[in-house]
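Participant: As input, take data-v2.pdb (PDB, C-alpha atoms and all ligand atoms):
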```pdb
ATOM      1  CA  MET A   1     -11.988  36.694 -42.098
ATOM      2  CA  GLU A   2      -9.105  34.434 -43.121
ATOM      3  CA  GLU A   3     -10.509  30.963 -42.397
ATOM      4  CA  ILE A   4     -13.737  29.029 -42.393
ATOM      5  CA  THR A   5     -14.398  25.341 -41.672
ATOM      6  CA  ILE A   6     -16.853  23.243 -43.677
ATOM      7  CA  GLY A   7     -17.282  19.731 -42.244
ATOM      8  CA  ASN A   8     -13.740  18.434 -41.718
ATOM      9  CA  THR A   9     -12.114  20.825 -44.180
ATOM     10  CA  MET A  10     -10.599  24.203 -43.458
ATOM     11  CA  LEU A  11     -10.665  26.897 -46.154
ATOM     12  CA  ARG A  12      -7.909  29.464 -45.718
ATOM     13  CA  LEU A  13      -6.866  32.663 -47.481
ATOM     14  CA  PHE A  14      -3.178  33.423 -47.866
ATOM     15  CA  GLN A  15      -1.366  36.199 -49.686
ATOM     16  CA  GLY A  16       1.801  35.009 -51.408
ATOM     17  CA  ASP A  17       3.428  32.983 -54.170
ATOM     18  CA  ILE A  18       1.801  29.629 -54.952
ATOM     19  CA  THR A  19       5.122  28.034 -55.959
ATOM     20  CA  ARG A  20       6.261  28.223 -52.315
ATOM     21  CA  GLN A  21       3.269  26.426 -50.842
ATOM     22  CA  THR A  22       3.828  23.146 -49.021
ATOM     23  CA  THR A  23       0.337  21.720 -49.554
ATOM     24  CA  ASP A  24       0.227  18.232 -51.154
ATOM     25  CA  ALA A  25      -0.848  19.817 -54.445
ATOM     26  CA  ILE A  26      -0.884  23.263 -55.986
ATOM     27  CA  VAL A  27      -3.199  24.159 -58.845
ATOM     28  CA  ASN A  28      -1.881  25.676 -62.062
ATOM     29  CA  ALA A  29      -3.989  28.068 -64.129
ATOM     30  CA  ALA A  30      -2.726  26.449 -67.334
ATOM     31  CA  ASN A  31      -3.689  26.793 -70.993
ATOM     32  CA  SER A  32      -5.073  24.065 -73.263
ATOM     33  CA  GLY A  33      -1.680  23.062 -74.659
ATOM     34  CA  LEU A  34      -0.168  22.545 -71.165
ATOM     35  CA  MET A  35       3.241  23.708 -72.361
ATOM     36  CA  GLY A  36       3.640  26.611 -69.936
ATOM     37  CA  GLY A  37       2.958  30.296 -70.410
ATOM     38  CA  GLY A  38       2.991  33.522 -68.430
ATOM     39  CA  GLY A  39       1.651  34.392 -64.983
ATOM     40  CA  VAL A  40       1.215  31.616 -62.478
ATOM     41  CA  ASP A  41       1.837  28.965 -65.178
ATOM     42  CA  GLY A  42       5.284  30.369 -65.995
ATOM     43  CA  ALA A  43       6.166  30.668 -62.302
ATOM     44  CA  ILE A  44       5.197  27.022 -61.638
ATOM     45  CA  HIS A  45       7.187  25.663 -64.587
ATOM     46  CA  ARG A  46      10.247  27.785 -63.695
ATOM     47  CA  ALA A  47      10.222  26.657 -60.084
ATOM     48  CA  GLY A  48       9.188  23.048 -60.758
ATOM     49  CA  GLY A  49      11.666  22.282 -63.549
ATOM     50  CA  PRO A  50      11.409  20.093 -66.670
ATOM     51  CA  ALA A  51       9.794  17.025 -65.069
ATOM     52  CA  ILE A  52       6.441  18.837 -65.117
ATOM     53  CA  VAL A  53       6.499  19.746 -68.811
ATOM     54  CA  ASP A  54       7.626  16.189 -69.685
ATOM     55  CA  GLU A  55       4.553  14.748 -67.987
ATOM     56  CA  CYS A  56       2.317  17.409 -69.525
ATOM     57  CA  ARG A  57       3.606  16.483 -72.973
ATOM     58  CA  SER A  58       2.735  12.816 -72.561
ATOM     59  CA  ILE A  59      -0.721  13.692 -71.212
ATOM     60  CA  ILE A  60      -1.397  15.867 -74.270
ATOM     61  CA  MET A  61      -0.201  13.035 -76.529
ATOM     62  CA  GLN A  62      -2.660  10.669 -74.849
ATOM     63  CA  ILE A  63      -5.765  12.839 -74.470
ATOM     64  CA  GLY A  64      -5.186  15.854 -76.721
ATOM     65  CA  ARG A  65      -5.544  19.491 -75.736
ATOM     66  CA  LEU A  66      -7.365  20.157 -72.503
ATOM     67  CA  THR A  67     -10.745  21.832 -72.909
ATOM     68  CA  PRO A  68     -11.530  24.640 -70.425
ATOM     69  CA  GLY A  69     -12.923  23.329 -67.141
ATOM     70  CA  ARG A  70     -10.897  20.102 -67.199
ATOM     71  CA  ALA A  71      -7.986  19.202 -64.913
ATOM     72  CA  VAL A  72      -5.053  16.763 -64.948
ATOM     73  CA  ILE A  73      -2.397  15.940 -62.363
ATOM     74  CA  THR A  74       1.398  15.724 -62.678
ATOM     75  CA  THR A  75       4.398  15.588 -60.401
ATOM     76  CA  GLY A  76       5.442  18.774 -58.615
ATOM     77  CA  GLY A  77       9.029  18.259 -59.811
ATOM     78  CA  ASN A  78      11.308  20.503 -57.733
ATOM     79  CA  LEU A  79       8.409  22.286 -56.026
ATOM     80  CA  PRO A  80       7.693  21.810 -52.317
ATOM     81  CA  ALA A  81       4.241  20.494 -53.357
ATOM     82  CA  LYS A  82       4.267  16.845 -54.446
ATOM     83  CA  TYR A  83       1.744  17.378 -57.247
ATOM     84  CA  VAL A  84       0.597  20.058 -59.653
ATOM     85  CA  ILE A  85      -3.022  19.923 -60.798
ATOM     86  CA  HIS A  86      -3.299  21.740 -64.134
ATOM     87  CA  THR A  87      -6.653  23.202 -65.049
ATOM     88  CA  VAL A  88      -7.704  25.462 -67.897
ATOM     89  CA  GLY A  89      -9.901  28.386 -66.894
ATOM     90  CA  PRO A  90     -12.349  30.134 -69.220
ATOM     91  CA  ILE A  91     -11.279  33.210 -71.166
ATOM     92  CA  TRP A  92     -13.630  36.050 -70.185
ATOM     93  CA  HIS A  93     -15.830  37.163 -73.094
ATOM     94  CA  GLY A  94     -18.350  39.209 -71.116
ATOM     95  CA  GLY A  95     -19.971  36.458 -69.066
ATOM     96  CA  ASN A  96     -22.479  34.967 -71.524
ATOM     97  CA  ARG A  97     -20.320  32.139 -72.814
ATOM     98  CA  ARG A  98     -20.710  29.855 -69.808
ATOM     99  CA  GLU A  99     -17.676  31.429 -68.104
ATOM    100  CA  PRO A 100     -19.078  30.931 -64.563
ATOM    101  CA  GLU A 101     -19.955  27.265 -65.218
ATOM    102  CA  ILE A 102     -16.544  26.568 -66.737
ATOM    103  CA  LEU A 103     -14.721  28.312 -63.894
ATOM    104  CA  SER A 104     -16.789  26.354 -61.405
ATOM    105  CA  ASP A 105     -15.889  23.106 -63.238
ATOM    106  CA  CYS A 106     -12.188  23.980 -62.782
ATOM    107  CA  TYR A 107     -12.532  24.086 -58.998
ATOM    108  CA  THR A 108     -14.748  20.999 -58.848
ATOM    109  CA  GLN A 109     -12.496  18.941 -61.143
ATOM    110  CA  CYS A 110      -9.380  19.864 -59.145
ATOM    111  CA  LEU A 111     -11.063  18.989 -55.852
ATOM    112  CA  GLY A 112     -12.283  15.681 -57.303
ATOM    113  CA  LEU A 113      -8.834  14.812 -58.619
ATOM    114  CA  ALA A 114      -7.185  15.663 -55.281
ATOM    115  CA  THR A 115      -9.768  13.544 -53.466
ATOM    116  CA  SER A 116      -9.245  10.607 -55.834
ATOM    117  CA  LYS A 117      -5.519  10.728 -54.964
ATOM    118  CA  ASN A 118      -6.371  10.884 -51.265
ATOM    119  CA  LEU A 119      -4.584  14.228 -50.835
ATOM    120  CA  LYS A 120      -4.942  16.156 -47.583
ATOM    121  CA  SER A 121      -4.205  19.688 -48.778
ATOM    122  CA  ILE A 122      -4.358  21.816 -51.911
ATOM    123  CA  SER A 123      -3.629  25.447 -52.893
ATOM    124  CA  PHE A 124      -5.546  27.315 -55.605
ATOM    125  CA  PRO A 125      -4.569  30.519 -57.425
ATOM    126  CA  ALA A 126      -7.284  32.912 -58.613
ATOM    127  CA  ILE A 127      -7.867  31.004 -61.878
ATOM    128  CA  SER A 128      -8.636  33.111 -65.009
ATOM    129  CA  THR A 129      -8.196  36.489 -63.262
ATOM    130  CA  GLY A 130      -4.899  37.384 -64.974
ATOM    131  CA  ALA A 131      -4.338  37.031 -68.706
ATOM    132  CA  TYR A 132      -7.779  35.420 -69.157
ATOM    133  CA  GLY A 133      -9.491  38.603 -67.941
ATOM    134  CA  TYR A 134     -12.177  37.240 -65.597
ATOM    135  CA  PRO A 135     -13.359  40.051 -63.265
ATOM    136  CA  PRO A 136     -11.692  39.286 -59.913
ATOM    137  CA  ASP A 137     -14.748  39.890 -57.772
ATOM    138  CA  GLU A 138     -16.974  37.543 -59.785
ATOM    139  CA  ALA A 139     -14.203  34.953 -60.005
ATOM    140  CA  ALA A 140     -13.742  34.971 -56.220
ATOM    141  CA  GLN A 141     -17.438  34.341 -55.733
ATOM    142  CA  VAL A 142     -17.346  31.356 -58.118
ATOM    143  CA  ALA A 143     -14.157  29.993 -56.501
ATOM    144  CA  LEU A 144     -15.525  30.085 -52.964
ATOM    145  CA  ASN A 145     -19.082  29.026 -53.771
ATOM    146  CA  SER A 146     -18.098  26.066 -55.939
ATOM    147  CA  THR A 147     -15.570  24.881 -53.365
ATOM    148  CA  ILE A 148     -18.109  25.092 -50.554
ATOM    149  CA  ASP A 149     -20.770  23.367 -52.686
ATOM    150  CA  TYR A 150     -18.307  20.599 -53.475
ATOM    151  CA  LEU A 151     -17.559  20.088 -49.772
ATOM    152  CA  LYS A 152     -21.237  19.984 -48.909
ATOM    153  CA  ARG A 153     -22.011  17.410 -51.604
ATOM    154  CA  ASN A 154     -18.976  15.130 -51.522
ATOM    155  CA  LYS A 155     -16.814  13.218 -49.105
ATOM    156  CA  THR A 156     -13.216  14.338 -49.381
ATOM    157  CA  SER A 157      -9.782  13.484 -48.019
ATOM    158  CA  LEU A 158      -8.913  17.192 -48.102
ATOM    159  CA  GLU A 159      -8.406  18.778 -44.688
ATOM    160  CA  LEU A 160      -7.032  22.084 -45.952
ATOM    161  CA  ILE A 161      -7.841  24.163 -49.024
ATOM    162  CA  VAL A 162      -5.823  27.372 -49.402
ATOM    163  CA  PHE A 163      -6.659  30.215 -51.785
ATOM    164  CA  ILE A 164      -3.389  31.926 -52.654
ATOM    165  CA  LEU A 165      -3.870  35.570 -53.533
ATOM    166  CA  PHE A 166      -1.017  37.302 -55.260
ATOM    167  CA  ASP A 167      -1.950  40.914 -54.597
ATOM    168  CA  ASN A 168      -3.690  43.034 -51.965
ATOM    169  CA  GLN A 169      -6.755  43.659 -54.097
ATOM    170  CA  SER A 170      -7.552  39.956 -54.632
ATOM    171  CA  CYS A 171      -6.881  39.330 -50.972
ATOM    172  CA  SER A 172      -9.432  41.872 -49.803
ATOM    173  CA  ILE A 173     -11.986  40.663 -52.373
ATOM    174  CA  TYR A 174     -11.721  37.082 -51.056
ATOM    175  CA  ARG A 175     -11.794  38.310 -47.463
ATOM    176  CA  ASN A 176     -15.055  40.169 -48.066
ATOM    177  CA  HIS A 177     -16.708  37.176 -49.752
ATOM    178  CA  LEU A 178     -15.594  34.819 -47.017
ATOM    179  CA  ALA A 179     -16.948  37.169 -44.352
ATOM    180  CA  ALA A 180     -20.306  37.302 -46.167
ATOM    181  CA  ILE A 181     -20.378  33.504 -46.453
ATOM    182  CA  SER A 182     -19.633  32.933 -42.790
ATOM    183  CA  ALA A 183     -22.223  35.512 -41.743
ATOM    184  CA  ASP A 184     -24.769  33.456 -43.750
ATOM    185  CA  LYS A 185     -23.752  30.100 -42.280
TER     186      LYS A 185
HETATM  187  P1  LIG B   1      -5.103  33.071 -66.223
HETATM  188  O1  LIG B   1      -4.492  32.896 -67.587
HETATM  189  O2  LIG B   1      -5.910  31.867 -65.801
HETATM  190  O3  LIG B   1      -5.832  34.365 -66.083
HETATM  191  P2  LIG B   1      -2.744  34.102 -64.808
HETATM  192  O4  LIG B   1      -1.549  33.313 -64.374
HETATM  193  O5  LIG B   1      -2.544  35.154 -65.840
HETATM  194  O6  LIG B   1      -3.855  33.023 -65.221
HETATM  195  O7  LIG B   1      -3.391  34.786 -63.535
HETATM  196  C1  LIG B   1      -4.150  34.114 -62.559
HETATM  197  C2  LIG B   1      -3.942  34.752 -61.200
HETATM  198  O8  LIG B   1      -2.713  34.274 -60.635
HETATM  199  C3  LIG B   1      -3.814  36.278 -61.232
HETATM  200  O9  LIG B   1      -4.640  36.796 -60.188
HETATM  201  C4  LIG B   1      -2.338  36.531 -60.934
HETATM  202  O10 LIG B   1      -2.150  37.730 -60.208
HETATM  203  C5  LIG B   1      -2.015  35.339 -60.046
HETATM  204  N1  LIG B   1      -0.588  34.953 -59.977
HETATM  205  C6  LIG B   1       0.414  35.204 -60.837
HETATM  206  N2  LIG B   1       1.571  34.652 -60.395
HETATM  207  C7  LIG B   1       1.273  34.022 -59.225
HETATM  208  C8  LIG B   1       2.032  33.268 -58.264
HETATM  209  N3  LIG B   1       3.335  33.041 -58.426
HETATM  210  N4  LIG B   1       1.373  32.786 -57.174
HETATM  211  C9  LIG B   1       0.040  32.989 -56.998
HETATM  212  N5  LIG B   1      -0.721  33.686 -57.860
HETATM  213  C10 LIG B   1      -0.117  34.205 -58.957
END
```
If you convert what's in this file into structure tokens, what do you get?
Facilitator:
Amino acid sequence: MEEITIGNTMLRLFQGDITRQTTDAIVNAANSGLMGGGGVDGAIHRAGGPAIVDECRSIIMQIGRLTPGRAVITTGGNLPAKYVIHTVGPIWHGGNRREPEILSDCYTQCLGLATSKNLKSISFPAISTGAYGYPPDEAAQVALNSTIDYLKRNKTSLELIVFILFDNQSCSIYRNHLAAISADK
């Protein structure tokens, strides 16, 4: 199961590198300081160039460090995507420190921001599942369920939402969850 449609929006799974996606926006699994880091964050800043960090710096000067669950939007710089939406996922501490709620907020905030900019397409990485240690299976469930809940509860300009999975394991985890969701529909 690689695709599912909810209302007017298609959800798609794709294995690859998020920096190469041509959706209107790509989402960055950033950290609170927004100054770049490892993993997907480092890849986005390397490929997007200095225009992204310049905008991040002025955002931080205006609103301070980003608390987990929030999202902000910048240019995509040299990336094929026009915008980067930076969100800060929760660090996994065992699951009793509101990690699922915060992770869900990340997806909802990004979708809301994309909708407010009238964007048609967005790509998400598997937020928090790298350095932040969120178990990939539980994170996939939160990612898909919060996205589907958002689409059921809100009007959106988004016609395409892509989940970019970097490795085989995440890809098969998402595939299994999506199959279970569409069997339930
Ligand atoms: P976090 O700090 O939120 O855990 P990471 O960047 O460490 O963020 O990891 C998040 C997920 O992004 C991981 O599943 C990792 O494999 C994946 N990832 C790393 N680089 C890329 C990339 N270029 N494109 C898509 N996904 C990536």
Participant: For the point (-1.7, 33.7, -49.0) in file coordinates, what residues are within 12 Å, counting only C-alpha atoms? Give the answer as JSON, numbers by chain?
Facilitator: {"A": [2, 3, 11, 12, 13, 14, 15, 16, 17, 18, 19, 20, 21, 22, 123, 124, 125, 126, 161, 162, 163, 164, 165, 166, 167, 168, 170, 171, 172, 174, 175]}
Participant: Take atom O2 of ligand LIG 1 (chain B) and atom CA of Pro68 of chain A and report the distance between them in Å, one decimal.
Facilitator: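 Between atom O2 of ligand LIG 1 (chain B) and atom CA of Pro68 of chain A the gap is 10.3 Å.
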Participant: Applying the PyMOL selection byres (((chain A and resi 136) around 10) and not hetatm) to the file I just gave you, which residues come out? Please list them as a VMD selection string.
Facilitator: chain A and resid 126 to 130 133 to 135 137 to 142 169 to 170 173 to 174
Participant: If you measure from atom CA of Ile44 of chain A to atom CA of Arg57 of chain A, what distance in Å do you get, rounded to one decimal?
Facilitator: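 One can read the atom CA of Ile44 of chain A to atom CA of Arg57 of chain A distance as 15.6 Å.
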Participant: Can you tell me which residues surround His93 of chain A at a distance of at most 10 Å, considering only C-alpha atoms, apart from same-chain residues fewer than 3 positions away, and format the answer as a list in words?
Facilitator: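 Non-adjacent residues within range: Pro90, Asn96, Arg97, Arg98, Glu99, Tyr132, Gly133 and Tyr134 of chain A.
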Participant: Between atom O6 of ligand LIG 1 (chain B) and atom CA of Ile181 of chain A, what distance in Å does the model show, to one decimal?
Facilitator: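 Calculated distance between atom O6 of ligand LIG 1 (chain B) and atom CA of Ile181 of chain A is 25.0 Å.
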Participant: Which residues are close to Gly64 of chain A, i.e. within 10 Å by only C-alpha atoms, leaving aside same-chain residues fewer than 6 positions away? Reply as an MDAnalysis selection string.
Facilitator: chainID A and resid 32:33 57:58
Participant: With all atoms of segment 48-62 of chain A from the file as input, state the centre and edge lengths in Å to one decimal of the axis-aligned box that has 3 Å extra on each side, as JSON.
Facilitator:
```
{"center_x": 4.5, "center_y": 16.9, "center_z": -68.6, "size_x": 20.3, "size_y": 18.4, "size_z": 21.8}
```
Participant: Looking at only C-alpha atoms and all ligand atoms, which of A:Leu34, A:Asn78, A:Asp105, A:Val88 is the one that sits closest to ligand LIG 1 (chain B)?
Facilitator: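 Of the candidates, the smallest distance to ligand LIG 1 (chain B) is held by A:Val88.
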Participant: Could you check the closest approach to Asp54 of chain A for each of A:Leu158, A:Ile91, A:Val72, A:Met35 and tell me which residue wins, using only C-alpha atoms?
Facilitator: A:Met35
Participant: Could you tell me, as number ranges by chain, exactly which residues end up selected when the PyMOL selection byres (((chain A and resi 70) around 9) and not hetatm) is applied to this structure?
Facilitator: A: 66-69, 71-72, 86-89, 102, 105-106, 109-110
Participant: Running the PyMOL selection byres (((chain A and resi 85) around 9) and not hetatm) on this model by hand, what would come out? Give it as a PyMOL selection string.
Facilitator: chain A and resi 25-29+71-76+83-84+86-87+110+113-114
Participant: Between A:Leu119, A:Ile63, A:Ala131, A:Leu111, which one has atoms that come closest to Arg153 of chain A, using only C-alpha atoms?
Facilitator: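 Looking at the shortest contact to Arg153 of chain A, the residue is A:Leu111.
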Participant: Just checking: using all atoms listed in the file, which residue out of A:Ala30, A:Ile148, A:Ile60, A:Leu79 ends up closest to Ala47 of chain A?
Facilitator: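 When distances to Ala47 of chain A are compared using all atoms listed in the file, the smallest one comes from A:Leu79.
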Participant: Measuring between only C-alpha atoms, which one of A:Ile122, A:Leu160, A:Val53, A:Leu178 shows the shortest distance to Leu144 of chain A?
Facilitator: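 Smallest distance to Leu144 of chain A is found for A:Leu178.
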Participant: Which residue, A:Lys120, A:Arg65, A:Lys82, A:Arg46, has the smallest gap to ligand LIG 1 (chain B) when you use only C-alpha atoms and all ligand atoms?
Facilitator: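 Among the listed residues, the smallest separation from ligand LIG 1 (chain B) belongs to A:Arg46.
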Participant: Just add N, CA, C and O atoms to segment 105-117 of chain A and send it as a tab-separated table (two decimals), in the coordinates of the input.
Facilitator:
```
chain	number	residue	atom	x	y	z
A	105	ASP	N	-16.40	24.44	-62.90
A	105	ASP	CA	-15.89	23.11	-63.24
A	105	ASP	C	-14.41	22.98	-62.88
A	105	ASP	O	-13.97	21.93	-62.42
A	106	CYS	N	-13.63	24.03	-63.11
A	106	CYS	CA	-12.19	23.98	-62.78
A	106	CYS	C	-12.00	23.62	-61.31
A	106	CYS	O	-11.23	22.72	-60.98
A	107	TYR	N	-12.70	24.34	-60.44
A	107	TYR	CA	-12.53	24.09	-59.00
A	107	TYR	C	-13.02	22.69	-58.64
A	107	TYR	O	-12.35	21.94	-57.92
A	108	THR	N	-14.17	22.30	-59.18
A	108	THR	CA	-14.75	21.00	-58.85
A	108	THR	C	-13.87	19.85	-59.35
A	108	THR	O	-13.64	18.88	-58.64
A	109	GLN	N	-13.36	19.99	-60.58
A	109	GLN	CA	-12.50	18.94	-61.14
A	109	GLN	C	-11.21	18.80	-60.33
A	109	GLN	O	-10.74	17.69	-60.09
A	110	CYS	N	-10.62	19.91	-59.94
A	110	CYS	CA	-9.38	19.86	-59.14
A	110	CYS	C	-9.64	19.21	-57.79
A	110	CYS	O	-8.84	18.38	-57.33
A	111	LEU	N	-10.75	19.56	-57.17
A	111	LEU	CA	-11.06	18.99	-55.85
A	111	LEU	C	-11.32	17.49	-55.99
A	111	LEU	O	-10.90	16.69	-55.15
A	112	GLY	N	-12.00	17.10	-57.06
A	112	GLY	CA	-12.28	15.68	-57.30
A	112	GLY	C	-11.00	14.89	-57.55
A	112	GLY	O	-10.83	13.79	-57.01
A	113	LEU	N	-10.10	15.48	-58.32
A	113	LEU	CA	-8.83	14.81	-58.62
A	113	LEU	C	-8.00	14.66	-57.34
A	113	LEU	O	-7.42	13.59	-57.08
A	114	ALA	N	-7.94	15.71	-56.54
A	114	ALA	CA	-7.18	15.66	-55.28
A	114	ALA	C	-7.78	14.61	-54.35
A	114	ALA	O	-7.05	13.84	-53.71
A	115	THR	N	-9.10	14.53	-54.32
A	115	THR	CA	-9.77	13.54	-53.47
A	115	THR	C	-9.49	12.13	-53.96
A	115	THR	O	-9.22	11.22	-53.17
A	116	SER	N	-9.49	11.95	-55.29
A	116	SER	CA	-9.24	10.61	-55.83
A	116	SER	C	-7.82	10.14	-55.54
A	116	SER	O	-7.55	8.96	-55.51
A	117	LYS	N	-6.91	11.07	-55.32
A	117	LYS	CA	-5.52	10.73	-54.96
A	117	LYS	C	-5.33	10.72	-53.45
A	117	LYS	O	-4.20	10.62	-52.96
```
